[in-house]
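Below is one structure, written out as C-alpha cells; comments come after it.
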Amino acid sequence: MHPLIASVLALLFVLVAGITLFLMLEITGRIRDNGGKSGLISAHRILGYLFIALFALILFFMIEKAAGLQQELSARAVFHIALALALIPLLLVKVLVVRRLPHCSEKLPLLGITIFTFSFVLSGITAGYYILHRSDFVYTTLSVQDSDVLDIELGKALMTGKCNKCHSLERVYRAYKSEDDWVVTVNRMAQLDSPNITGFDLKQVLNYLLKQQEERQGRRQVDPENEMGRSLVSRKCTLCHNLDRVFEAKKSAKEWTVTVERMIVIMDEPDFLDEEEQADIISFLSERENVE
Ligand code: HEC
Ligand code: HEC
C-alpha cells in the first residue's frame, strides 16, 4: 500500500475512534436527562462498526505486508503488530459488554478510553513516522568515496528485500539503463517509498544493479545466442510438458513474463527459477521470435 494511503487510513482510524469515544462520553454524561440520547447512541453504534471495519481493513493490509516481507521484522513493526493484535480482544470485550452485560455499563467509558489510546498510539507510529520522515528524502548518487562501503551481496539482498514491494523484481532485471538513468529511476523509487529506502540502501542497490548489468552484458557478448536461456528452457521447461508446447507459442517479452510467472506458480517450488534465470529465459524465448 502506498504510504500516503496508509497515512490517510491511519488518520481516519483515529478520527473515527475519537468521535466514537466523544459520543460515548456524551451519552454517559447525559445519564439522567434522556433528551437526544437515543440519537447519540445510534450514531455511536454506527461509528463503532465503522471503526471495526476500518480496523479489519488495516489489519488485513498489515498482515499481508508482514507476510510478504523477506527479512526479519523491525522492532517498530513488531511493536506495531503487537498493539494491533491487542486491540482485537479489547474490541471484543467492548462489544460483548454492550450486548450481553448491560449492568456493567459503567466500565464502558474506561474501555472506550483504552481502545482510543491504543488506536492513537497505533496510528501515531504509522502516520507520525511517515509525516515526520517525509522530508528525509535526499537525492543520492554514487561517488568515488562510496567504493569502500559498497558490497554487491548487500546490494542484492537490499534489492530483493525492498524493490519487490510494489512490482516484481523481473521489472528491475528487465531494464537496461545507463548509470545516470539508473540513478534517476532508483531515486524516483526511493521517493515513492520514502522513508523506507535510505540513501545507504540506494547506493548499495545502484552499485549492485550496475555490476549485474555489466556482467549480464558481458555474458551477452560471450553468449550472443543466449545459450544460457536455451539450456535453461530445455532443462527447466520440460519437467511437465515437452518443448513443442513452448516453441509453438509466439509471444512478446511481456507475454512470456506472464507465462513464465504462471509456470512458476504451477511448479510451486521456491527455488525453481531465480530472477536472473527468468530474465534469461524470457529474453531467449522472445528474441527467438524476432529471429524467426
Ligand atoms: C513504493 C512502490 C515502489 C517501490 C518500493 C519500488 N518501485 Fe519501482 N516502480 C514503482 C511504480 C509505481 C513504477 C511504475 C511507474 C514509474 O515508472 O514511475 C515502477 C517502475 C519501475 C521500473 C520501470 C520504469 C523505469 O523507469 O525503468 C524500474 C526499473 C523500477 N521500478 C525499479 C525499482 C527499484 C530498483 C526499486 C528498489 C530500489 C524499486 N523499483 C522499488 C513503484 C515502486
Ligand atoms: C510444474 C509444471 C510445469 C513447468 C515446470 C512448466 N510448465 Fe508450462 N505448462 C504447465 C501446464 C500444467 C500447462 C497447461 C495449463 C496452462 O496453460 O496454465 C502449461 C502450458 C504451457 C504453455 C502453453 C500455454 C500458454 O500460455 O501459451 C506454454 C507456452 C508453457 N507452458 C511454457 C512453459 C515454459 C517456458 C516453462 C519453463 C519456464 C514451463 N512452461 C514450465 C506446466 C508446467
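Residue numbers start at 1 in each chain; chains themselves are named A, B, ... in the order of the C-alpha cells; ligands are numbered from 1 in the order shown.
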
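By only C-alpha atoms, and with residues fewer than 3 positions from A:Lys211 along its chain excluded, the set lying at most 12 Å from it is Leu150, Asp151, Ile152, Glu153, Gly155, Lys156, Tyr173, Tyr176, Lys177, Ser178, Glu179, Trp182, Gln204, Val205, Leu206, Asn207, Tyr208, Glu214, Glu215, Arg216, Gln217 and Gly218 of chain A.
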
Can you spit out the residues from that selection as a PDB file, in the first residue's frame, using C-alpha atoms?
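Result written to part_36.pdb:
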ATOM      1  CA  LEU A 150      29.749  -0.815  -1.409  1.00  0.00           C
ATOM      2  CA  ASP A 151      29.060  -4.514  -1.286  1.00  0.00           C
ATOM      3  CA  ILE A 152      27.446  -6.472  -4.113  1.00  0.00           C
ATOM      4  CA  GLU A 153      25.892  -9.124  -1.875  1.00  0.00           C
ATOM      5  CA  GLY A 155      23.071  -4.643  -2.652  1.00  0.00           C
ATOM      6  CA  LYS A 156      21.447  -7.800  -3.931  1.00  0.00           C
ATOM      7  CA  TYR A 173      16.073  -7.043 -14.100  1.00  0.00           C
ATOM      8  CA  TYR A 176      18.910  -1.849 -19.194  1.00  0.00           C
ATOM      9  CA  LYS A 177      19.995   1.673 -18.385  1.00  0.00           C
ATOM     10  CA  SER A 178      22.997   3.910 -18.263  1.00  0.00           C
ATOM     11  CA  GLU A 179      24.332   4.786 -14.827  1.00  0.00           C
ATOM     12  CA  TRP A 182      19.551   4.211 -13.087  1.00  0.00           C
ATOM     13  CA  GLN A 204      24.058  -0.382  -2.457  1.00  0.00           C
ATOM     14  CA  VAL A 205      21.190  -1.165  -4.826  1.00  0.00           C
ATOM     15  CA  LEU A 206      22.604   1.123  -7.512  1.00  0.00           C
ATOM     16  CA  ASN A 207      26.011  -0.498  -7.232  1.00  0.00           C
ATOM     17  CA  TYR A 208      24.517  -3.972  -7.487  1.00  0.00           C
ATOM     18  CA  GLU A 214      27.657  -5.152 -16.702  1.00  0.00           C
ATOM     19  CA  GLU A 215      28.061  -8.835 -16.012  1.00  0.00           C
ATOM     20  CA  ARG A 216      24.976  -9.660 -17.978  1.00  0.00           C
ATOM     21  CA  GLN A 217      26.089  -7.549 -20.917  1.00  0.00           C
ATOM     22  CA  GLY A 218      29.428  -9.332 -20.757  1.00  0.00           C
TER      23      GLY A 218
END

Within 12 Å of stretch 256-267 of chain A using only C-alpha atoms, minus same-chain residues under 5 positions, as a PyMOL selection string: chain A and resi 168-171+173-174+233+236-241+246-247+249-251+272-275+277-289

Against stretch 4-26 of chain A, which residues of stretch 189-280 of chain A fall within 12 Å? For each one I want the closest pair of atoms and the distance in Å (one decimal), counting only C-alpha atoms, rows by chain and increasing residue number, as a Markdown table.
| residue | atom | partner | partner_atom | distance |
| --- | --- | --- | --- | --- |
| A:Gln191 | CA | A:Leu4 | CA | 11.8 |
| A:Leu192 | CA | A:Leu4 | CA | 9.6 |
| A:Asp193 | CA | A:Leu4 | CA | 9.5 |
| A:Ser194 | CA | A:Leu4 | CA | 9.9 |
| A:Pro195 | CA | A:Leu4 | CA | 11.5 |

Top pick for closest residue to ligand 2, considering A:Lys65, A:Lys254, A:Arg245, A:His103 and counting only C-alpha atoms and all ligand atoms: A:Arg245

Considering only C-alpha atoms and all ligand atoms, give me a table of residues in chain A that are at most 7 Å from ligand 1, with the closest atom pair and distance in Å for each, as a Markdown table.
| residue | atom | partner | partner_atom_place_in_ligand_line | distance |
| --- | --- | --- | --- | --- |
| A:His2 | CA | ligand 1 | 1 (C) | 6.1 |
| A:Met159 | CA | ligand 1 | 37 (C) | 5.6 |
| A:Lys162 | CA | ligand 1 | 37 (C) | 5.6 |
| A:Cys163 | CA | ligand 1 | 37 (C) | 3.5 |
| A:Asn164 | CA | ligand 1 | 41 (C) | 6.3 |
| A:Lys165 | CA | ligand 1 | 5 (C) | 5.1 |
| A:Cys166 | CA | ligand 1 | 2 (C) | 4.3 |
| A:His167 | CA | ligand 1 | 43 (C) | 6.3 |
| A:Arg171 | CA | ligand 1 | 29 (C) | 5.8 |
| A:Val172 | CA | ligand 1 | 29 (C) | 4.2 |
| A:Ala175 | CA | ligand 1 | 29 (C) | 5.4 |
| A:Thr185 | CA | ligand 1 | 26 (O) | 5.1 |
| A:Val186 | CA | ligand 1 | 38 (C) | 5.2 |
| A:Arg188 | CA | ligand 1 | 18 (O) | 6.9 |
| A:Met189 | CA | ligand 1 | 7 (N) | 4.6 |
| A:Ala190 | CA | ligand 1 | 38 (C) | 6.0 |
| A:Leu192 | CA | ligand 1 | 1 (C) | 4.7 |
| A:Asp193 | CA | ligand 1 | 1 (C) | 4.0 |
| A:Ile197 | CA | ligand 1 | 38 (C) | 6.9 |
| A:Leu202 | CA | ligand 1 | 38 (C) | 6.2 |
| A:Val205 | CA | ligand 1 | 38 (C) | 6.2 |

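When only C-alpha atoms are used to compute distances to A:Val138, the closest of the residues A:Thr198, A:Leu85, A:Val121, A:Lys203 turns out to be A:Thr198.
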
Pick from A:Glu248, A:Glu276, A:Ala82, A:Pro270 nearest to ligand 2, counting only C-alpha atoms and all ligand atoms: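 With only C-alpha atoms and all ligand atoms as the atom set, the closest residue is A:Glu248.
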
Best match for closeness to ligand 2 among A:Ile81, A:Ile41, A:Ala253, A:Leu232, counting only C-alpha atoms and all ligand atoms: A:Leu232

Picked from stretch 101-155 of chain A by DSSP as helix (DSSP H, G or I), as a VMD selection string: chain A and resid 102 to 136 144 to 148 152 to 155
